[in-house]
>>> print(open('input_15.pdb').read())   # PDB, C-alpha atoms
ATOM      1  CA  MET A   1      19.423 -14.526  -8.044  1.00  0.00           C
ATOM      2  CA  CYS A   2      22.013 -12.068  -6.753  1.00  0.00           C
ATOM      3  CA  LEU A   3      20.863  -9.515  -4.168  1.00  0.00           C
ATOM      4  CA  THR A   4      22.728  -6.322  -4.939  1.00  0.00           C
ATOM      5  CA  TYR A   5      20.976  -3.768  -2.737  1.00  0.00           C
ATOM      6  CA  ASP A   6      22.225  -2.518   0.650  1.00  0.00           C
ATOM      7  CA  PHE A   7      19.526  -3.079   3.264  1.00  0.00           C
ATOM      8  CA  ARG A   8      19.888  -1.353   6.621  1.00  0.00           C
ATOM      9  CA  PRO A   9      19.779  -4.022   9.383  1.00  0.00           C
ATOM     10  CA  ARG A  10      19.279  -1.553  12.216  1.00  0.00           C
ATOM     11  CA  SER A  11      16.095   0.014  10.856  1.00  0.00           C
ATOM     12  CA  SER A  12      14.651  -3.299   9.716  1.00  0.00           C
ATOM     13  CA  CYS A  13      15.162  -4.892  13.134  1.00  0.00           C
ATOM     14  CA  ILE A  14      13.494  -1.936  14.870  1.00  0.00           C
ATOM     15  CA  ILE A  15      10.484  -2.082  12.585  1.00  0.00           C
ATOM     16  CA  VAL A  16      10.121  -5.855  12.810  1.00  0.00           C
ATOM     17  CA  LEU A  17      10.338  -5.628  16.617  1.00  0.00           C
ATOM     18  CA  VAL A  18       7.743  -2.829  16.843  1.00  0.00           C
ATOM     19  CA  LEU A  19       5.352  -4.567  14.470  1.00  0.00           C
ATOM     20  CA  GLY A  20       5.845  -7.878  16.275  1.00  0.00           C
ATOM     21  CA  LEU A  21       5.063  -6.356  19.643  1.00  0.00           C
ATOM     22  CA  SER A  22       2.082  -4.494  18.217  1.00  0.00           C
ATOM     23  CA  TYR A  23       0.660  -7.618  16.629  1.00  0.00           C
ATOM     24  CA  SER A  24       1.234  -9.562  19.861  1.00  0.00           C
ATOM     25  CA  VAL A  25      -0.708  -6.983  21.863  1.00  0.00           C
ATOM     26  CA  ILE A  26      -3.466  -6.907  19.235  1.00  0.00           C
ATOM     27  CA  GLY A  27      -3.650 -10.690  19.189  1.00  0.00           C
ATOM     28  CA  GLN A  28      -3.956 -10.827  22.953  1.00  0.00           C
ATOM     29  CA  HIS A  29      -6.738  -8.212  22.794  1.00  0.00           C
ATOM     30  CA  VAL A  30      -8.636 -10.299  20.238  1.00  0.00           C
ATOM     31  CA  THR A  31      -8.301 -13.466  22.301  1.00  0.00           C
ATOM     32  CA  GLU A  32      -9.463 -11.803  25.499  1.00  0.00           C
ATOM     33  CA  LYS A  33     -12.346  -9.791  24.027  1.00  0.00           C
ATOM     34  CA  ASN A  34     -13.758 -12.183  21.456  1.00  0.00           C
ATOM     35  CA  GLU A  35     -12.452 -15.715  21.400  1.00  0.00           C
ATOM     36  CA  ASN A  36     -14.879 -16.709  18.641  1.00  0.00           C
ATOM     37  CA  SER A  37     -13.765 -14.034  16.163  1.00  0.00           C
ATOM     38  CA  LYS A  38     -11.205 -14.673  13.441  1.00  0.00           C
ATOM     39  CA  ALA A  39      -9.062 -12.262  11.475  1.00  0.00           C
ATOM     40  CA  SER A  40      -9.868 -11.892   7.795  1.00  0.00           C
ATOM     41  CA  GLY A  41      -7.823 -10.575   4.913  1.00  0.00           C
ATOM     42  CA  PHE A  42      -5.607 -11.650   2.041  1.00  0.00           C
ATOM     43  CA  VAL A  43      -2.061 -12.058   0.755  1.00  0.00           C
ATOM     44  CA  ASP A  44      -1.383 -11.527  -2.938  1.00  0.00           C
ATOM     45  CA  PHE A  45       1.705 -12.059  -5.069  1.00  0.00           C
ATOM     46  CA  ASN A  46       2.287  -9.980  -8.200  1.00  0.00           C
ATOM     47  CA  ALA A  47       5.072 -10.604 -10.749  1.00  0.00           C
ATOM     48  CA  TYR A  48       5.525  -7.989 -13.480  1.00  0.00           C
ATOM     49  CA  ARG A  49       7.678  -7.112 -16.431  1.00  0.00           C
ATOM     50  CA  ASP A  50       7.968  -3.360 -16.985  1.00  0.00           C
ATOM     51  CA  THR A  51       8.448  -1.773 -20.406  1.00  0.00           C
ATOM     52  CA  ARG A  52      11.437   0.077 -18.904  1.00  0.00           C
ATOM     53  CA  ALA A  53      13.342  -3.242 -19.035  1.00  0.00           C
ATOM     54  CA  PHE A  54      13.106  -4.343 -15.394  1.00  0.00           C
ATOM     55  CA  SER A  55      11.046  -6.903 -13.489  1.00  0.00           C
ATOM     56  CA  GLU A  56       9.305  -6.543 -10.147  1.00  0.00           C
ATOM     57  CA  LEU A  57       7.839  -8.792  -7.459  1.00  0.00           C
ATOM     58  CA  THR A  58       5.209  -7.205  -5.207  1.00  0.00           C
ATOM     59  CA  ILE A  59       3.637  -8.839  -2.146  1.00  0.00           C
ATOM     60  CA  ASN A  60       0.600  -7.251  -0.499  1.00  0.00           C
ATOM     61  CA  ALA A  61      -0.895  -8.402   2.794  1.00  0.00           C
ATOM     62  CA  LEU A  62      -4.001  -7.253   4.662  1.00  0.00           C
ATOM     63  CA  ALA A  63      -5.433  -8.466   7.969  1.00  0.00           C
ATOM     64  CA  ASN A  64      -8.608  -7.200   9.626  1.00  0.00           C
ATOM     65  CA  VAL A  65      -7.505  -8.129  13.117  1.00  0.00           C
ATOM     66  CA  THR A  66     -10.615  -6.789  14.867  1.00  0.00           C
ATOM     67  CA  ASP A  67     -13.567  -4.708  13.713  1.00  0.00           C
ATOM     68  CA  ARG A  68     -11.456  -1.596  14.449  1.00  0.00           C
ATOM     69  CA  ILE A  69      -7.821  -2.633  13.885  1.00  0.00           C
ATOM     70  CA  GLN A  70      -6.311  -3.366  10.474  1.00  0.00           C
ATOM     71  CA  TYR A  71      -2.810  -4.267   9.295  1.00  0.00           C
ATOM     72  CA  PHE A  72      -1.631  -3.724   5.715  1.00  0.00           C
ATOM     73  CA  SER A  73       1.767  -4.062   4.065  1.00  0.00           C
ATOM     74  CA  LEU A  74       3.262  -3.926   0.609  1.00  0.00           C
ATOM     75  CA  THR A  75       6.756  -5.027  -0.361  1.00  0.00           C
ATOM     76  CA  ASN A  76       8.394  -4.344  -3.731  1.00  0.00           C
ATOM     77  CA  ASN A  77      11.568  -6.014  -4.987  1.00  0.00           C
ATOM     78  CA  SER A  78      12.678  -4.371  -8.241  1.00  0.00           C
ATOM     79  CA  GLY A  79      15.223  -5.824 -10.626  1.00  0.00           C
ATOM     80  CA  ALA A  80      18.107  -4.065 -12.310  1.00  0.00           C
ATOM     81  CA  PRO A  81      17.455  -3.269 -15.996  1.00  0.00           C
ATOM     82  CA  ASN A  82      18.059  -6.176 -18.364  1.00  0.00           C
ATOM     83  CA  THR A  83      19.190  -8.539 -15.579  1.00  0.00           C
ATOM     84  CA  SER A  84      17.643 -10.890 -13.014  1.00  0.00           C
ATOM     85  CA  ASP A  85      19.449  -9.141 -10.122  1.00  0.00           C
ATOM     86  CA  VAL A  86      17.429  -7.342  -7.436  1.00  0.00           C
ATOM     87  CA  GLN A  87      18.449  -3.684  -7.429  1.00  0.00           C
ATOM     88  CA  SER A  88      16.051  -1.978  -5.022  1.00  0.00           C
ATOM     89  CA  PHE A  89      13.699  -2.742  -2.162  1.00  0.00           C
ATOM     90  CA  PHE A  90      10.735  -0.774  -0.789  1.00  0.00           C
ATOM     91  CA  SER A  91       8.192  -1.698   1.860  1.00  0.00           C
ATOM     92  CA  GLU A  92       5.325  -0.039   3.730  1.00  0.00           C
ATOM     93  CA  GLN A  93       4.051  -1.410   7.044  1.00  0.00           C
ATOM     94  CA  ASN A  94       0.721   0.088   8.129  1.00  0.00           C
ATOM     95  CA  ILE A  95      -1.427  -0.198  11.231  1.00  0.00           C
ATOM     96  CA  ARG A  96      -4.865   1.457  11.090  1.00  0.00           C
ATOM     97  CA  TRP A  97      -7.233   2.032  13.981  1.00  0.00           C
ATOM     98  CA  LYS A  98     -10.845   2.990  13.328  1.00  0.00           C
ATOM     99  CA  VAL A  99     -11.813   6.020  15.423  1.00  0.00           C
ATOM    100  CA  ALA A 100     -15.156   4.426  16.356  1.00  0.00           C
ATOM    101  CA  LYS A 101     -16.934   1.203  15.413  1.00  0.00           C
ATOM    102  CA  ASN A 102     -19.035   2.790  12.651  1.00  0.00           C
ATOM    103  CA  SER A 103     -16.680   5.639  11.772  1.00  0.00           C
ATOM    104  CA  PRO A 104     -15.317   6.160   8.223  1.00  0.00           C
ATOM    105  CA  VAL A 105     -12.107   7.607   9.724  1.00  0.00           C
ATOM    106  CA  ASP A 106      -8.995   5.694  10.847  1.00  0.00           C
ATOM    107  CA  PHE A 107      -5.890   6.800  12.696  1.00  0.00           C
ATOM    108  CA  THR A 108      -2.871   5.555  10.714  1.00  0.00           C
ATOM    109  CA  SER A 109       0.745   4.654  11.412  1.00  0.00           C
ATOM    110  CA  GLN A 110       3.148   3.827   8.588  1.00  0.00           C
ATOM    111  CA  TRP A 111       6.757   2.628   8.604  1.00  0.00           C
ATOM    112  CA  THR A 112       8.578   2.755   5.264  1.00  0.00           C
ATOM    113  CA  LEU A 113      11.791   0.869   4.460  1.00  0.00           C
ATOM    114  CA  ARG A 114      13.857   1.358   1.316  1.00  0.00           C
ATOM    115  CA  THR A 115      17.237   0.663  -0.261  1.00  0.00           C
ATOM    116  CA  GLY A 116      20.090   2.796   1.116  1.00  0.00           C
ATOM    117  CA  GLU A 117      21.225   4.142   4.468  1.00  0.00           C
ATOM    118  CA  ASP A 118      19.331   6.313   6.965  1.00  0.00           C
ATOM    119  CA  ASN A 119      16.378   6.914   4.646  1.00  0.00           C
ATOM    120  CA  ASP A 120      13.591   4.932   6.313  1.00  0.00           C
ATOM    121  CA  ASN A 121      10.826   6.919   8.008  1.00  0.00           C
ATOM    122  CA  TRP A 122       7.722   6.754  10.165  1.00  0.00           C
ATOM    123  CA  ARG A 123       4.491   8.605   9.409  1.00  0.00           C
ATOM    124  CA  LEU A 124       1.415   9.370  11.471  1.00  0.00           C
ATOM    125  CA  GLY A 125      -1.908  10.610  10.189  1.00  0.00           C
ATOM    126  CA  PHE A 126      -5.483   9.663   9.451  1.00  0.00           C
ATOM    127  CA  ARG A 127      -7.438   8.003   6.644  1.00  0.00           C
ATOM    128  CA  VAL A 128     -10.922   8.820   5.369  1.00  0.00           C
ATOM    129  CA  ARG A 129     -12.839   6.025   3.591  1.00  0.00           C
ATOM    130  CA  LEU A 130     -15.061   8.043   1.284  1.00  0.00           C
ATOM    131  CA  ASN A 131     -17.144   4.995   0.348  1.00  0.00           C
ATOM    132  CA  ASN A 132     -18.174   4.711   4.023  1.00  0.00           C
ATOM    133  CA  LEU A 133     -19.275   8.337   4.386  1.00  0.00           C
ATOM    134  CA  THR A 134     -23.040   8.300   4.963  1.00  0.00           C
ATOM    135  CA  PRO A 135     -23.949  10.782   2.183  1.00  0.00           C
ATOM    136  CA  LEU A 136     -21.833   8.845  -0.370  1.00  0.00           C
ATOM    137  CA  GLU A 137     -22.133   5.240   0.772  1.00  0.00           C
ATOM    138  CA  SER A 138     -25.128   4.366  -1.425  1.00  0.00           C
ATOM    139  CA  LEU A 139     -23.549   5.875  -4.550  1.00  0.00           C
ATOM    140  CA  PHE A 140     -20.214   4.093  -4.074  1.00  0.00           C
ATOM    141  CA  SER A 141     -22.022   0.795  -3.456  1.00  0.00           C
ATOM    142  CA  LYS A 142     -24.046   1.146  -6.666  1.00  0.00           C
ATOM    143  CA  ILE A 143     -20.977   1.708  -8.806  1.00  0.00           C
ATOM    144  CA  ASN A 144     -18.920  -0.981  -6.950  1.00  0.00           C
ATOM    145  CA  LEU A 145     -16.171   1.472  -5.986  1.00  0.00           C
ATOM    146  CA  THR A 146     -14.098   1.887  -2.836  1.00  0.00           C
ATOM    147  CA  TYR A 147     -11.919   4.970  -2.386  1.00  0.00           C
ATOM    148  CA  SER A 148      -9.864   6.277   0.529  1.00  0.00           C
ATOM    149  CA  LEU A 149      -7.591   9.222   1.289  1.00  0.00           C
ATOM    150  CA  ASN A 150      -4.723   8.881   3.795  1.00  0.00           C
ATOM    151  CA  PHE A 151      -3.276  12.141   5.125  1.00  0.00           C
ATOM    152  CA  HIS A 152       0.267  11.779   6.537  1.00  0.00           C
ATOM    153  CA  LEU A 153       0.506  14.700   8.947  1.00  0.00           C
ATOM    154  CA  LEU A 154       3.821  13.919  10.700  1.00  0.00           C
ATOM    155  CA  GLN A 155       6.976  12.312   9.311  1.00  0.00           C
ATOM    156  CA  PHE A 156      10.006  11.268  11.369  1.00  0.00           C
ATOM    157  CA  ASP A 157      13.310  10.674   9.530  1.00  0.00           C
ATOM    158  CA  PHE A 158      16.777   9.669  10.731  1.00  0.00           C
ATOM    159  CA  ASP A 159      18.528  12.633  12.438  1.00  0.00           C
ATOM    160  CA  LYS A 160      16.257  15.186  10.748  1.00  0.00           C
ATOM    161  CA  PRO A 161      13.589  17.602  11.998  1.00  0.00           C
ATOM    162  CA  VAL A 162       9.983  16.446  12.019  1.00  0.00           C
ATOM    163  CA  LYS A 163       8.209  17.143   8.734  1.00  0.00           C
ATOM    164  CA  TYR A 164       4.563  18.118   8.486  1.00  0.00           C
ATOM    165  CA  PHE A 165       1.922  16.982   5.943  1.00  0.00           C
ATOM    166  CA  THR A 166       4.401  15.264   3.661  1.00  0.00           C
ATOM    167  CA  GLN A 167       2.101  12.988   1.685  1.00  0.00           C
ATOM    168  CA  MET A 168      -1.459  12.196   0.709  1.00  0.00           C
ATOM    169  CA  GLU A 169      -2.330   8.677  -0.485  1.00  0.00           C
ATOM    170  CA  HIS A 170      -5.260   7.984  -2.813  1.00  0.00           C
ATOM    171  CA  VAL A 171      -6.353   4.308  -3.012  1.00  0.00           C
ATOM    172  CA  TYR A 172      -9.258   2.882  -4.993  1.00  0.00           C
ATOM    173  CA  ARG A 173     -10.731  -0.361  -6.339  1.00  0.00           C
ATOM    174  CA  LEU A 174     -13.502  -0.690  -8.925  1.00  0.00           C
ATOM    175  CA  LEU A 175     -15.281  -3.909  -9.929  1.00  0.00           C
ATOM    176  CA  LEU A 176     -16.330  -3.757 -13.583  1.00  0.00           C
ATOM    177  CA  PHE A 177     -19.833  -5.118 -14.250  1.00  0.00           C
ATOM    178  CA  PRO A 178     -19.569  -7.674 -11.398  1.00  0.00           C
ATOM    179  CA  GLU A 179     -22.849  -9.478 -12.140  1.00  0.00           C
ATOM    180  CA  LEU A 180     -22.326  -9.661 -15.893  1.00  0.00           C
ATOM    181  CA  LEU A 181     -18.649 -10.669 -15.625  1.00  0.00           C
ATOM    182  CA  ASN A 182     -19.006 -12.801 -12.458  1.00  0.00           C
ATOM    183  CA  ARG A 183     -16.648 -10.481 -10.510  1.00  0.00           C
ATOM    184  CA  ARG A 184     -13.780 -11.382 -12.827  1.00  0.00           C
ATOM    185  CA  VAL A 185     -12.530  -7.929 -13.832  1.00  0.00           C
ATOM    186  CA  TYR A 186     -11.313  -5.058 -11.657  1.00  0.00           C
ATOM    187  CA  ILE A 187      -9.406  -1.812 -11.868  1.00  0.00           C
ATOM    188  CA  SER A 188      -7.474  -0.753  -8.785  1.00  0.00           C
ATOM    189  CA  GLY A 189      -4.673   1.605  -7.982  1.00  0.00           C
ATOM    190  CA  PHE A 190      -3.042   4.190  -5.803  1.00  0.00           C
ATOM    191  CA  ALA A 191      -1.560   7.652  -6.165  1.00  0.00           C
ATOM    192  CA  ASP A 192       0.983   8.915  -3.635  1.00  0.00           C
ATOM    193  CA  GLN A 193       1.059  12.707  -3.706  1.00  0.00           C
ATOM    194  CA  ASN A 194       4.412  13.702  -2.151  1.00  0.00           C
ATOM    195  CA  PHE A 195       4.830  17.306  -1.053  1.00  0.00           C
ATOM    196  CA  ARG A 196       8.454  18.413  -1.396  1.00  0.00           C
ATOM    197  CA  SER A 197      10.136  21.578  -0.121  1.00  0.00           C
ATOM    198  CA  GLY A 198      13.476  23.284  -0.499  1.00  0.00           C
ATOM    199  CA  GLY A 199      15.457  24.300  -3.581  1.00  0.00           C
ATOM    200  CA  GLU A 200      14.636  22.570  -6.823  1.00  0.00           C
ATOM    201  CA  GLU A 201      12.488  19.980  -5.021  1.00  0.00           C
ATOM    202  CA  ASN A 202       9.848  22.528  -4.084  1.00  0.00           C
ATOM    203  CA  LYS A 203       7.103  20.749  -6.001  1.00  0.00           C
ATOM    204  CA  THR A 204       4.730  17.812  -5.770  1.00  0.00           C
ATOM    205  CA  LYS A 205       6.047  14.436  -6.901  1.00  0.00           C
ATOM    206  CA  TRP A 206       3.752  11.554  -7.815  1.00  0.00           C
ATOM    207  CA  VAL A 207       4.102   7.794  -7.537  1.00  0.00           C
ATOM    208  CA  THR A 208       1.054   6.124  -9.009  1.00  0.00           C
ATOM    209  CA  GLU A 209       0.008   2.739 -10.405  1.00  0.00           C
ATOM    210  CA  HIS A 210      -3.304   1.722 -12.010  1.00  0.00           C
ATOM    211  CA  GLN A 211      -3.906  -1.979 -12.512  1.00  0.00           C
ATOM    212  CA  LEU A 212      -6.376  -3.903 -14.656  1.00  0.00           C
ATOM    213  CA  GLY A 213      -6.894  -7.469 -13.449  1.00  0.00           C
ATOM    214  CA  ILE A 214      -8.763 -10.299 -15.163  1.00  0.00           C
ATOM    215  CA  ARG A 215      -9.464 -13.451 -13.153  1.00  0.00           C
ATOM    216  CA  ILE A 216      -8.698 -16.609 -15.107  1.00  0.00           C
ATOM    217  CA  ILE A 217      -9.423 -19.330 -12.556  1.00  0.00           C
ATOM    218  CA  ASN A 218     -10.096 -19.178  -8.810  1.00  0.00           C
ATOM    219  CA  GLU A 219      -7.885 -16.302  -7.535  1.00  0.00           C
ATOM    220  CA  PHE A 220      -5.369 -16.388 -10.393  1.00  0.00           C
ATOM    221  CA  TYR A 221      -5.272 -13.216 -12.542  1.00  0.00           C
ATOM    222  CA  ILE A 222      -3.502 -11.726 -15.517  1.00  0.00           C
ATOM    223  CA  VAL A 223      -2.723  -8.070 -14.867  1.00  0.00           C
ATOM    224  CA  ALA A 224      -1.537  -4.933 -16.625  1.00  0.00           C
ATOM    225  CA  GLU A 225      -0.473  -1.653 -15.030  1.00  0.00           C
ATOM    226  CA  TYR A 226       0.135   1.957 -15.996  1.00  0.00           C
ATOM    227  CA  ARG A 227       2.952   3.322 -13.812  1.00  0.00           C
ATOM    228  CA  VAL A 228       4.343   6.756 -13.002  1.00  0.00           C
ATOM    229  CA  ASN A 229       7.267   7.503 -10.670  1.00  0.00           C
ATOM    230  CA  ASP A 230       8.535  11.096 -10.512  1.00  0.00           C
ATOM    231  CA  PHE A 231      11.457  10.015  -8.304  1.00  0.00           C
ATOM    232  CA  PHE A 232      13.121   8.174 -11.193  1.00  0.00           C
ATOM    233  CA  SER A 233      15.910  10.196 -12.794  1.00  0.00           C
ATOM    234  CA  SER A 234      14.435   9.409 -16.230  1.00  0.00           C
ATOM    235  CA  ASP A 235      11.728   7.260 -17.841  1.00  0.00           C
ATOM    236  CA  HIS A 236       9.030   8.292 -15.371  1.00  0.00           C
ATOM    237  CA  TYR A 237       6.303   6.422 -17.261  1.00  0.00           C
ATOM    238  CA  GLY A 238       5.994   2.702 -17.916  1.00  0.00           C
ATOM    239  CA  LEU A 239       3.628  -0.187 -18.506  1.00  0.00           C
ATOM    240  CA  GLY A 240       3.763  -3.401 -16.495  1.00  0.00           C
ATOM    241  CA  TYR A 241       2.274  -6.765 -17.397  1.00  0.00           C
ATOM    242  CA  GLY A 242       2.268 -10.015 -15.491  1.00  0.00           C
ATOM    243  CA  LEU A 243       0.407 -12.367 -13.144  1.00  0.00           C
ATOM    244  CA  GLU A 244      -1.260 -12.158  -9.746  1.00  0.00           C
ATOM    245  CA  TYR A 245      -2.256 -14.848  -7.260  1.00  0.00           C
ATOM    246  CA  LYS A 246      -4.356 -14.019  -4.199  1.00  0.00           C
ATOM    247  CA  ILE A 247      -4.859 -16.039  -1.011  1.00  0.00           C
ATOM    248  CA  ILE A 248      -7.988 -15.001   0.906  1.00  0.00           C
ATOM    249  CA  PHE A 249      -8.583 -15.924   4.531  1.00  0.00           C
TER     250      PHE A 249
END
>>> encode(input="input_15.pdb", output="structure tokens")
Amino acid sequence: MCLTYDFRPRSSCIIVLVLGLSYSVIGQHVTEKNENSKASGFVDFNAYRDTRAFSELTINALANVTDRIQYFSLTNNSGAPNTSDVQSFFSEQNIRWKVAKNSPVDFTSQWTLRTGEDNDNWRLGFRVRLNNLTPLESLFSKINLTYSLNFHLLQFDFDKPVKYFTQMEHVYRLLLFPELLNRRVYISGFADQNFRSGGEENKTKWVTEHQLGIRIINEFYIVAEYRVNDFFSSDHYGLGYGLEYKIIF
């Protein structure tokens, strides 16, 4: 496979260093405060073919490091149309810190990396887990739904002024008839609501994916997705189909 995208070494090294130091500090905290506790989470691998004639490999990783600190990342490698070459790269690296032990609110920090020069950024904000809000918790539990909203209040770009309230992330997961279907079928997805300003870009742009997964054996799934990306120059809408394998720890 030929890698054809231009990845910025400087930004990637900075982010890897910051995340490495953060995880080291977190790990030390876990060891000192609770030697018997273990992190939990998952890593999943998703391979898709999109109806817009390109393929994509997505890797998601989540670690509940302590009862208040969580790490989550997603990494997309997208192929060039009608080839096996990798054309673009996008990754999000998130650290979330629960405000209090039983709070439904998290402080959030997000680094994003993407193909091209001087276009990575860092966001700060907070996330509300609606399924953990006391008035709604029972209802969400009954319908087997989790749903969160992440408000990115500050965004720092390369050599640009600080931007305010640039994005709102919607994330959900719904188990369909878990008892009847033995927890085999789910619908999950996200919707990134990007607030643009200036000239012709003074409008909201959406990036959203909604995935249906059916477990075949153990943690091996067949999946299908409905996809929208308003940042594409054309063909904003597509359907993806492929396979998913999840490792739970």
>>> closest_residue(input="input_15.pdb", among="A:Asp50, A:Asp157, A:Asp44, A:Glu169", to="Tyr241 in chain A", atoms="only C-alpha atoms")
A:Asp50
>>> residues_near_point(input="input_15.pdb", point="(-10.7, 5.1, 9.4)", cutoff="10 Å", atoms="all atoms listed in the file", output="ChimeraX atom specification")
/A:68-70,96-108,126-130,132,148-150
>>> resolve_selection(input="input_15.pdb", expression="the PyMOL selection byres ((chain A and resi 204-217) around 6)", output="PyMOL selection string")
chain A and resi 184-196+203+218+220-230
>>> residues_around(input="input_15.pdb", residues="range 138-146 of chain A", least_positions_apart="6", cutoff="6 Å", atoms="all atoms listed in the file", output="ChimeraX atom specification")
/A:131,172-175
>>> closest_residue(input="input_15.pdb", among="A:Gln167, A:Thr115, A:Gln155, A:Asn182", to="Val86 in chain A", atoms="only C-alpha atoms")
A:Thr115
>>> axis_aligned_box(input="input_15.pdb", around="range 124-141 of chain A", padding_each_side="3 Å", output="JSON")
{"center_x": -11.9, "center_y": 5.8, "center_z": 3.5, "size_x": 32.5, "size_y": 16.0, "size_z": 22.0}
>>> resolve_selection(input="input_15.pdb", expression="the PyMOL selection byres ((chain A and resi 113) around 6)", output="number ranges by chain")
A: 90-91, 112, 114, 120
>>> closest_residue(input="input_15.pdb", among="A:Ile59, A:Asn121, A:Trp111, A:Ala53", to="Pro161 in chain A", atoms="all atoms listed in the file")
A:Asn121
>>> closest_residue(input="input_15.pdb", among="A:Asn119, A:Ser88, A:Ser109, A:Ser55", to="Ser73 in chain A", atoms="all atoms listed in the file")
A:Ser109
>>> build_atoms(input="input_15.pdb", residues="range 179-191 of chain A", atoms="N, CA, C and O atoms", output="PDB file, keeping the file's coordinate frame")
ATOM      1  N   GLU A 179     -21.854  -8.436 -11.889  1.00  0.00           N
ATOM      2  CA  GLU A 179     -22.849  -9.478 -12.140  1.00  0.00           C
ATOM      3  C   GLU A 179     -22.679 -10.071 -13.534  1.00  0.00           C
ATOM      4  O   GLU A 179     -22.714 -11.286 -13.724  1.00  0.00           O
ATOM      5  N   LEU A 180     -22.475  -9.195 -14.521  1.00  0.00           N
ATOM      6  CA  LEU A 180     -22.326  -9.661 -15.893  1.00  0.00           C
ATOM      7  C   LEU A 180     -21.053 -10.476 -16.077  1.00  0.00           C
ATOM      8  O   LEU A 180     -21.042 -11.507 -16.764  1.00  0.00           O
ATOM      9  N   LEU A 181     -19.951 -10.034 -15.437  1.00  0.00           N
ATOM     10  CA  LEU A 181     -18.649 -10.669 -15.625  1.00  0.00           C
ATOM     11  C   LEU A 181     -18.270 -11.598 -14.469  1.00  0.00           C
ATOM     12  O   LEU A 181     -17.125 -12.042 -14.383  1.00  0.00           O
ATOM     13  N   ASN A 182     -19.232 -11.877 -13.570  1.00  0.00           N
ATOM     14  CA  ASN A 182     -19.006 -12.801 -12.458  1.00  0.00           C
ATOM     15  C   ASN A 182     -17.817 -12.371 -11.594  1.00  0.00           C
ATOM     16  O   ASN A 182     -17.023 -13.200 -11.158  1.00  0.00           O
ATOM     17  N   ARG A 183     -17.690 -11.056 -11.365  1.00  0.00           N
ATOM     18  CA  ARG A 183     -16.648 -10.481 -10.510  1.00  0.00           C
ATOM     19  C   ARG A 183     -15.238 -10.870 -10.984  1.00  0.00           C
ATOM     20  O   ARG A 183     -14.334 -11.064 -10.181  1.00  0.00           O
ATOM     21  N   ARG A 184     -15.065 -10.953 -12.274  1.00  0.00           N
ATOM     22  CA  ARG A 184     -13.780 -11.382 -12.827  1.00  0.00           C
ATOM     23  C   ARG A 184     -12.833 -10.236 -13.166  1.00  0.00           C
ATOM     24  O   ARG A 184     -11.628 -10.461 -13.313  1.00  0.00           O
ATOM     25  N   VAL A 185     -13.352  -9.024 -13.317  1.00  0.00           N
ATOM     26  CA  VAL A 185     -12.530  -7.929 -13.832  1.00  0.00           C
ATOM     27  C   VAL A 185     -12.557  -6.756 -12.849  1.00  0.00           C
ATOM     28  O   VAL A 185     -13.628  -6.357 -12.370  1.00  0.00           O
ATOM     29  N   TYR A 186     -11.392  -6.212 -12.549  1.00  0.00           N
ATOM     30  CA  TYR A 186     -11.313  -5.058 -11.657  1.00  0.00           C
ATOM     31  C   TYR A 186     -10.281  -4.061 -12.168  1.00  0.00           C
ATOM     32  O   TYR A 186      -9.387  -4.392 -12.947  1.00  0.00           O
ATOM     33  N   ILE A 187     -10.431  -2.839 -11.712  1.00  0.00           N
ATOM     34  CA  ILE A 187      -9.406  -1.812 -11.868  1.00  0.00           C
ATOM     35  C   ILE A 187      -9.105  -1.293 -10.472  1.00  0.00           C
ATOM     36  O   ILE A 187     -10.022  -0.958  -9.719  1.00  0.00           O
ATOM     37  N   SER A 188      -7.846  -1.273 -10.098  1.00  0.00           N
ATOM     38  CA  SER A 188      -7.474  -0.753  -8.785  1.00  0.00           C
ATOM     39  C   SER A 188      -6.179   0.027  -8.911  1.00  0.00           C
ATOM     40  O   SER A 188      -5.437  -0.110  -9.893  1.00  0.00           O
ATOM     41  N   GLY A 189      -5.913   0.844  -7.906  1.00  0.00           N
ATOM     42  CA  GLY A 189      -4.673   1.605  -7.982  1.00  0.00           C
ATOM     43  C   GLY A 189      -4.477   2.514  -6.792  1.00  0.00           C
ATOM     44  O   GLY A 189      -5.302   2.571  -5.874  1.00  0.00           O
ATOM     45  N   PHE A 190      -3.354   3.213  -6.837  1.00  0.00           N
ATOM     46  CA  PHE A 190      -3.042   4.190  -5.803  1.00  0.00           C
ATOM     47  C   PHE A 190      -2.313   5.365  -6.446  1.00  0.00           C
ATOM     48  O   PHE A 190      -1.745   5.255  -7.544  1.00  0.00           O
ATOM     49  N   ALA A 191      -2.329   6.482  -5.747  1.00  0.00           N
ATOM     50  CA  ALA A 191      -1.560   7.652  -6.165  1.00  0.00           C
ATOM     51  C   ALA A 191      -1.003   8.301  -4.909  1.00  0.00           C
ATOM     52  O   ALA A 191      -1.764   8.784  -4.064  1.00  0.00           O
TER      53      ALA A 191
END
